[in-house]
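Heads up, structure-v4.tsv below (TSV, N, CA and C atoms):
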```
chain	number	residue	atom	x	y	z
N	1	MET	N	38.72	-0.80	11.35
N	1	MET	CA	37.73	-0.60	10.31
N	1	MET	C	37.56	0.91	10.09
N	2	MET	N	37.49	1.29	8.84
N	2	MET	CA	37.31	2.69	8.49
N	2	MET	C	35.83	3.05	8.55
N	3	CYS	N	35.55	4.33	8.68
N	3	CYS	CA	34.18	4.83	8.74
N	3	CYS	C	33.43	4.42	7.47
N	4	ARG	N	32.22	3.92	7.65
N	4	ARG	CA	31.42	3.47	6.51
N	4	ARG	C	30.95	4.64	5.64
N	5	HIS	N	30.95	5.86	6.18
N	5	HIS	CA	30.46	7.01	5.41
N	5	HIS	C	31.58	7.77	4.71
N	6	CYS	N	32.55	8.24	5.47
N	6	CYS	CA	33.60	9.07	4.87
N	6	CYS	C	34.82	8.28	4.41
N	7	GLN	N	35.00	7.08	4.93
N	7	GLN	CA	36.13	6.22	4.57
N	7	GLN	C	37.50	6.87	4.83
N	8	ARG	N	37.56	7.84	5.77
N	8	ARG	CA	38.83	8.52	6.02
N	8	ARG	C	39.37	8.27	7.42
N	9	VAL	N	38.50	8.06	8.38
N	9	VAL	CA	38.90	7.94	9.78
N	9	VAL	C	38.44	6.59	10.30
N	10	ARG	N	39.17	6.06	11.28
N	10	ARG	CA	38.76	4.80	11.90
N	10	ARG	C	37.41	4.99	12.59
N	11	SER	N	36.55	4.01	12.47
N	11	SER	CA	35.23	4.11	13.12
N	11	SER	C	35.40	3.91	14.62
N	12	ASN	N	34.75	4.77	15.38
N	12	ASN	CA	34.81	4.67	16.83
N	12	ASN	C	33.43	4.87	17.45
N	13	ARG	N	32.39	4.86	16.62
N	13	ARG	CA	31.01	5.01	17.08
N	13	ARG	C	30.20	3.81	16.55
N	14	PRO	N	29.01	3.62	17.08
N	14	PRO	CA	28.17	2.53	16.56
N	14	PRO	C	27.88	2.69	15.07
N	15	ARG	N	27.41	1.64	14.44
N	15	ARG	CA	27.05	1.58	13.03
N	15	ARG	C	28.26	1.68	12.11
N	16	GLY	N	29.46	1.57	12.67
N	16	GLY	CA	30.66	1.64	11.86
N	16	GLY	C	31.00	3.02	11.38
N	17	LEU	N	30.58	4.06	12.13
N	17	LEU	CA	30.83	5.44	11.73
N	17	LEU	C	31.87	6.09	12.63
N	18	CYS	N	32.52	7.13	12.11
N	18	CYS	CA	33.44	7.91	12.94
N	18	CYS	C	32.63	8.93	13.74
N	19	TRP	N	33.29	9.59	14.66
N	19	TRP	CA	32.62	10.54	15.54
N	19	TRP	C	31.88	11.63	14.77
N	20	SER	N	32.56	12.26	13.82
N	20	SER	CA	31.94	13.38	13.12
N	20	SER	C	30.79	12.93	12.21
N	21	CYS	N	30.92	11.81	11.55
N	21	CYS	CA	29.83	11.32	10.70
N	21	CYS	C	28.63	10.87	11.54
N	22	TYR	N	28.89	10.25	12.70
N	22	TYR	CA	27.81	9.77	13.55
N	22	TYR	C	26.93	10.92	14.02
N	23	TYR	N	27.54	12.07	14.30
N	23	TYR	CA	26.78	13.20	14.82
N	23	TYR	C	26.37	14.21	13.75
N	24	LYS	N	26.70	13.94	12.48
N	24	LYS	CA	26.28	14.81	11.39
N	24	LYS	C	24.80	14.50	11.09
N	25	PRO	N	23.95	15.52	11.00
N	25	PRO	CA	22.52	15.28	10.78
N	25	PRO	C	22.25	14.46	9.52
N	26	GLY	N	21.43	13.43	9.65
N	26	GLY	CA	21.01	12.61	8.53
N	26	GLY	C	21.91	11.45	8.18
N	27	VAL	N	23.16	11.47	8.64
N	27	VAL	CA	24.09	10.40	8.26
N	27	VAL	C	23.76	9.11	9.01
N	28	ARG	N	23.48	9.20	10.28
N	28	ARG	CA	23.24	8.03	11.12
N	28	ARG	C	22.07	7.19	10.59
N	29	GLU	N	21.04	7.85	10.06
N	29	GLU	CA	19.87	7.15	9.58
N	29	GLU	C	20.13	6.37	8.29
N	30	LYS	N	21.20	6.69	7.60
N	30	LYS	CA	21.52	6.00	6.35
N	30	LYS	C	22.11	4.62	6.57
N	31	TYR	N	22.60	4.36	7.78
N	31	TYR	CA	23.29	3.10	8.06
N	31	TYR	C	22.56	2.34	9.16
N	32	PRO	N	22.15	1.10	8.89
N	32	PRO	CA	21.45	0.33	9.91
N	32	PRO	C	22.39	-0.05	11.05
N	33	SER	N	21.80	-0.30	12.18
N	33	SER	CA	22.59	-0.69	13.34
N	33	SER	C	23.25	-2.04	13.10
N	34	THR	N	24.45	-2.19	13.60
N	34	THR	CA	25.16	-3.46	13.49
N	34	THR	C	25.08	-4.25	14.79
N	35	SER	N	24.35	-3.72	15.77
N	35	SER	CA	24.22	-4.38	17.06
N	35	SER	C	23.28	-5.57	16.98
N	36	LYS	N	23.60	-6.63	17.70
N	36	LYS	CA	22.71	-7.78	17.73
N	36	LYS	C	21.46	-7.49	18.56
N	37	TYR	N	21.46	-6.39	19.30
N	37	TYR	CA	20.30	-6.01	20.10
N	37	TYR	C	19.42	-4.97	19.41
N	38	ALA	N	19.74	-4.63	18.18
N	38	ALA	CA	18.97	-3.61	17.44
N	38	ALA	C	17.56	-4.11	17.17
N	39	ARG	N	16.63	-3.20	17.04
N	39	ARG	CA	15.25	-3.56	16.75
N	39	ARG	C	15.11	-3.81	15.27
N	40	ARG	N	14.74	-5.03	14.94
N	40	ARG	CA	14.57	-5.42	13.54
N	40	ARG	C	13.26	-6.17	13.40
N	41	GLY	N	12.76	-6.27	12.20
N	41	GLY	CA	11.57	-7.05	11.94
N	41	GLY	C	10.31	-6.38	12.46
N	42	VAL	N	9.32	-7.18	12.75
N	42	VAL	CA	8.05	-6.68	13.24
N	42	VAL	C	8.24	-6.19	14.66
N	43	SER	N	7.77	-4.98	14.93
N	43	SER	CA	7.95	-4.41	16.26
N	43	SER	C	7.13	-5.17	17.29
N	44	ASP	N	7.66	-5.20	18.52
N	44	ASP	CA	6.98	-5.85	19.62
N	44	ASP	C	6.07	-4.82	20.28
N	45	PHE	N	4.78	-4.97	20.08
N	45	PHE	CA	3.82	-3.97	20.54
N	45	PHE	C	3.04	-4.52	21.72
N	46	ASN	N	3.00	-3.77	22.80
N	46	ASN	CA	2.17	-4.12	23.95
N	46	ASN	C	1.13	-3.03	24.10
N	47	GLY	N	-0.11	-3.39	23.95
N	47	GLY	CA	-1.18	-2.42	24.03
N	47	GLY	C	-2.44	-3.01	23.42
N	48	HIS	N	-3.33	-2.15	22.96
N	48	HIS	CA	-4.58	-2.57	22.35
N	48	HIS	C	-4.56	-2.18	20.88
N	49	PRO	N	-4.16	-3.11	20.00
N	49	PRO	CA	-4.11	-2.78	18.58
N	49	PRO	C	-5.50	-2.71	17.98
N	50	ALA	N	-5.62	-2.06	16.86
N	50	ALA	CA	-6.89	-1.96	16.14
N	50	ALA	C	-7.23	-3.32	15.54
N	51	VAL	N	-8.51	-3.60	15.46
N	51	VAL	CA	-8.97	-4.86	14.87
N	51	VAL	C	-8.90	-4.71	13.35
N	52	ALA	N	-8.57	-5.79	12.66
N	52	ALA	CA	-8.49	-5.79	11.20
N	52	ALA	C	-9.82	-5.38	10.60
N	53	ALA	N	-9.78	-4.78	9.42
N	53	ALA	CA	-10.98	-4.26	8.78
N	53	ALA	C	-11.99	-5.36	8.46
N	54	ARG	N	-11.51	-6.51	8.05
N	54	ARG	CA	-12.44	-7.59	7.72
N	54	ARG	C	-11.83	-8.93	8.12
N	55	PRO	N	-12.69	-9.91	8.42
N	55	PRO	CA	-12.21	-11.24	8.81
N	55	PRO	C	-11.72	-12.01	7.59
N	56	THR	N	-11.04	-13.09	7.86
N	56	THR	CA	-10.58	-13.96	6.79
N	56	THR	C	-11.33	-15.29	6.86
N	57	GLY	N	-11.57	-15.86	5.70
N	57	GLY	CA	-12.23	-17.15	5.63
N	57	GLY	C	-11.26	-18.31	5.60
N	58	ALA	N	-9.96	-18.00	5.64
N	58	ALA	CA	-8.94	-19.04	5.60
N	58	ALA	C	-8.94	-19.82	6.90
N	59	ALA	N	-8.86	-21.13	6.79
N	59	ALA	CA	-8.87	-22.00	7.97
N	59	ALA	C	-7.55	-21.86	8.74
N	60	PRO	N	-7.62	-22.00	10.05
N	60	PRO	CA	-6.40	-21.91	10.87
N	60	PRO	C	-5.36	-22.95	10.43
N	61	GLY	N	-4.10	-22.52	10.38
N	61	GLY	CA	-3.01	-23.40	10.02
N	61	GLY	C	-2.70	-23.48	8.54
N	62	THR	N	-3.53	-22.89	7.70
N	62	THR	CA	-3.29	-22.94	6.26
N	62	THR	C	-2.30	-21.83	5.87
N	63	PRO	N	-1.62	-21.98	4.75
N	63	PRO	CA	-0.70	-20.93	4.29
N	63	PRO	C	-1.41	-19.59	4.08
N	64	GLU	N	-2.68	-19.64	3.65
N	64	GLU	CA	-3.43	-18.40	3.45
N	64	GLU	C	-3.62	-17.66	4.77
N	65	LYS	N	-3.94	-18.41	5.84
N	65	LYS	CA	-4.15	-17.80	7.16
N	65	LYS	C	-2.83	-17.23	7.69
N	66	VAL	N	-1.73	-17.94	7.48
N	66	VAL	CA	-0.42	-17.45	7.92
N	66	VAL	C	-0.07	-16.16	7.20
N	67	ALA	N	-0.37	-16.08	5.91
N	67	ALA	CA	-0.10	-14.86	5.15
N	67	ALA	C	-0.93	-13.69	5.68
N	68	VAL	N	-2.19	-13.96	6.05
N	68	VAL	CA	-3.04	-12.92	6.62
N	68	VAL	C	-2.48	-12.45	7.96
N	69	LEU	N	-2.03	-13.39	8.79
N	69	LEU	CA	-1.46	-13.02	10.09
N	69	LEU	C	-0.18	-12.20	9.93
N	70	GLU	N	0.65	-12.56	8.96
N	70	GLU	CA	1.88	-11.79	8.70
N	70	GLU	C	1.54	-10.36	8.29
N	71	GLU	N	0.55	-10.21	7.43
N	71	GLU	CA	0.16	-8.88	6.98
N	71	GLU	C	-0.41	-8.05	8.13
N	72	ARG	N	-1.23	-8.67	8.96
N	72	ARG	CA	-1.78	-7.96	10.12
N	72	ARG	C	-0.67	-7.53	11.08
N	73	ALA	N	0.31	-8.39	11.31
N	73	ALA	CA	1.43	-8.04	12.19
N	73	ALA	C	2.24	-6.89	11.59
N	74	ARG	N	2.48	-6.93	10.28
N	74	ARG	CA	3.24	-5.87	9.63
N	74	ARG	C	2.53	-4.52	9.75
N	75	LEU	N	1.20	-4.54	9.70
N	75	LEU	CA	0.42	-3.30	9.79
N	75	LEU	C	0.15	-2.88	11.23
N	76	GLY	N	0.54	-3.70	12.20
N	76	GLY	CA	0.33	-3.37	13.61
N	76	GLY	C	-1.11	-3.57	14.05
N	77	LEU	N	-1.84	-4.44	13.37
N	77	LEU	CA	-3.23	-4.73	13.72
N	77	LEU	C	-3.30	-5.94	14.64
N	78	SER	N	-4.46	-6.13	15.24
N	78	SER	CA	-4.69	-7.32	16.05
N	78	SER	C	-4.60	-8.54	15.13
N	79	LEU	N	-3.92	-9.58	15.58
N	79	LEU	CA	-3.77	-10.76	14.72
N	79	LEU	C	-5.08	-11.49	14.53
N	80	TRP	N	-5.93	-11.44	15.52
N	80	TRP	CA	-7.16	-12.23	15.47
N	80	TRP	C	-8.37	-11.33	15.34
N	81	HIS	N	-9.25	-11.66	14.40
N	81	HIS	CA	-10.51	-10.95	14.21
N	81	HIS	C	-11.60	-11.82	14.83
N	82	PRO	N	-12.60	-11.23	15.49
N	82	PRO	CA	-13.63	-12.05	16.14
N	82	PRO	C	-14.39	-12.95	15.16
N	83	TYR	N	-14.45	-12.59	13.88
N	83	TYR	CA	-15.20	-13.38	12.90
N	83	TYR	C	-14.31	-14.13	11.93
N	84	ASP	N	-13.04	-14.35	12.27
N	84	ASP	CA	-12.18	-15.19	11.43
N	84	ASP	C	-12.76	-16.61	11.39
N	85	ALA	N	-12.41	-17.35	10.35
N	85	ALA	CA	-12.91	-18.72	10.20
N	85	ALA	C	-12.49	-19.56	11.41
N	86	PRO	N	-13.44	-20.30	11.99
N	86	PRO	CA	-13.11	-21.13	13.15
N	86	PRO	C	-12.45	-22.44	12.72
N	87	MET	N	-11.99	-23.19	13.70
N	87	MET	CA	-11.33	-24.46	13.45
N	87	MET	C	-12.34	-25.51	12.95
N	88	ASP	N	-13.54	-25.51	13.52
N	88	ASP	CA	-14.54	-26.50	13.16
N	88	ASP	C	-15.95	-25.92	13.33
N	89	VAL	N	-16.94	-26.69	12.96
N	89	VAL	CA	-18.32	-26.23	13.01
N	89	VAL	C	-18.76	-25.95	14.45
N	90	GLU	N	-18.32	-26.79	15.40
N	90	GLU	CA	-18.71	-26.60	16.80
N	90	GLU	C	-18.20	-25.27	17.34
N	91	SER	N	-17.02	-24.87	16.95
N	91	SER	CA	-16.47	-23.59	17.39
N	91	SER	C	-17.29	-22.43	16.86
N	92	ARG	N	-17.78	-22.55	15.64
N	92	ARG	CA	-18.61	-21.50	15.06
N	92	ARG	C	-19.90	-21.36	15.85
N	93	LYS	N	-20.49	-22.48	16.30
N	93	LYS	CA	-21.72	-22.44	17.08
N	93	LYS	C	-21.49	-21.76	18.42
N	94	LEU	N	-20.33	-21.98	19.03
N	94	LEU	CA	-20.02	-21.37	20.32
N	94	LEU	C	-19.86	-19.86	20.17
N	95	GLY	N	-19.29	-19.42	19.05
N	95	GLY	CA	-19.01	-17.99	18.84
N	95	GLY	C	-20.26	-17.18	18.54
N	96	VAL	N	-21.31	-17.80	18.03
N	96	VAL	CA	-22.53	-17.07	17.69
N	96	VAL	C	-23.43	-17.06	18.91
N	97	ALA	N	-23.79	-15.87	19.36
N	97	ALA	CA	-24.65	-15.79	20.55
N	97	ALA	C	-25.95	-15.09	20.23
```
Target encoding structure tokens, full file:
Amino acid sequence: MMCRHCQRVRSNRPRGLCWSCYYKPGVREKYPSTSKYARRGVSDFNGHPAVAARPTGAAPGTPEKVAVLEERARLGLSLWHPYDAPMDVESRKLGVA
């Protein structure tokens, strides 16, 4: 396979690049990794994320709630807000102290 950038030399570095293109500033960032171990999608964060700015009234399991969770994950926020809509009325009573 030829280098994805210069198309002149056989690729011998990751991302399908030749040696000189791989180490040329800025070139490597133009081409995504071809490794199956590359970091893709939502990053795996271990720590204490910030709580979302406001709760959602969408019931658990609904498409609206899933969309809210996807957005929170994309922004690196905590998936769950303490005042998100509960599953049922009894759960709401338990949460209010």
What is the distance, in Å and to one decimal place, between atom CA of Tyr23 of chain N and atom CA of Lys36 of chain N?
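Going from atom CA of Tyr23 of chain N over to atom CA of Lys36 of chain N covers 21.6 Å.
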Got a sec to tell me which of segment 23-71 of chain N DSSP assigns to helix (DSSP H, G or I), as a ChimeraX atom specification?
/N:28-30,63-71
Atom C of Leu75 of chain N to atom N of Ser33 of chain N, straight-line distance in Å
21.8 Å
Pick from N:Lys30, N:His48, N:Arg15, N:Lys24 nearest to Ser78 of chain N, counting all atoms listed in the file:
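Answer, going by the shortest atom-to-atom distance: N:His48.
The environment of Ser11 of chain N within 5 Å, counting only N, CA and C atoms and disregarding residues fewer than 4 places along the same chain, consists of Met1, Met2, Cys3, Gly16, Leu17 and Cys18 of chain N.
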Measure the distance from atom CA of Tyr37 of chain N to atom CA of Arg74 of chain N in Å and round it to one decimal.
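About the pair atom CA of Tyr37 of chain N and atom CA of Arg74 of chain N: they are 20.0 Å apart.
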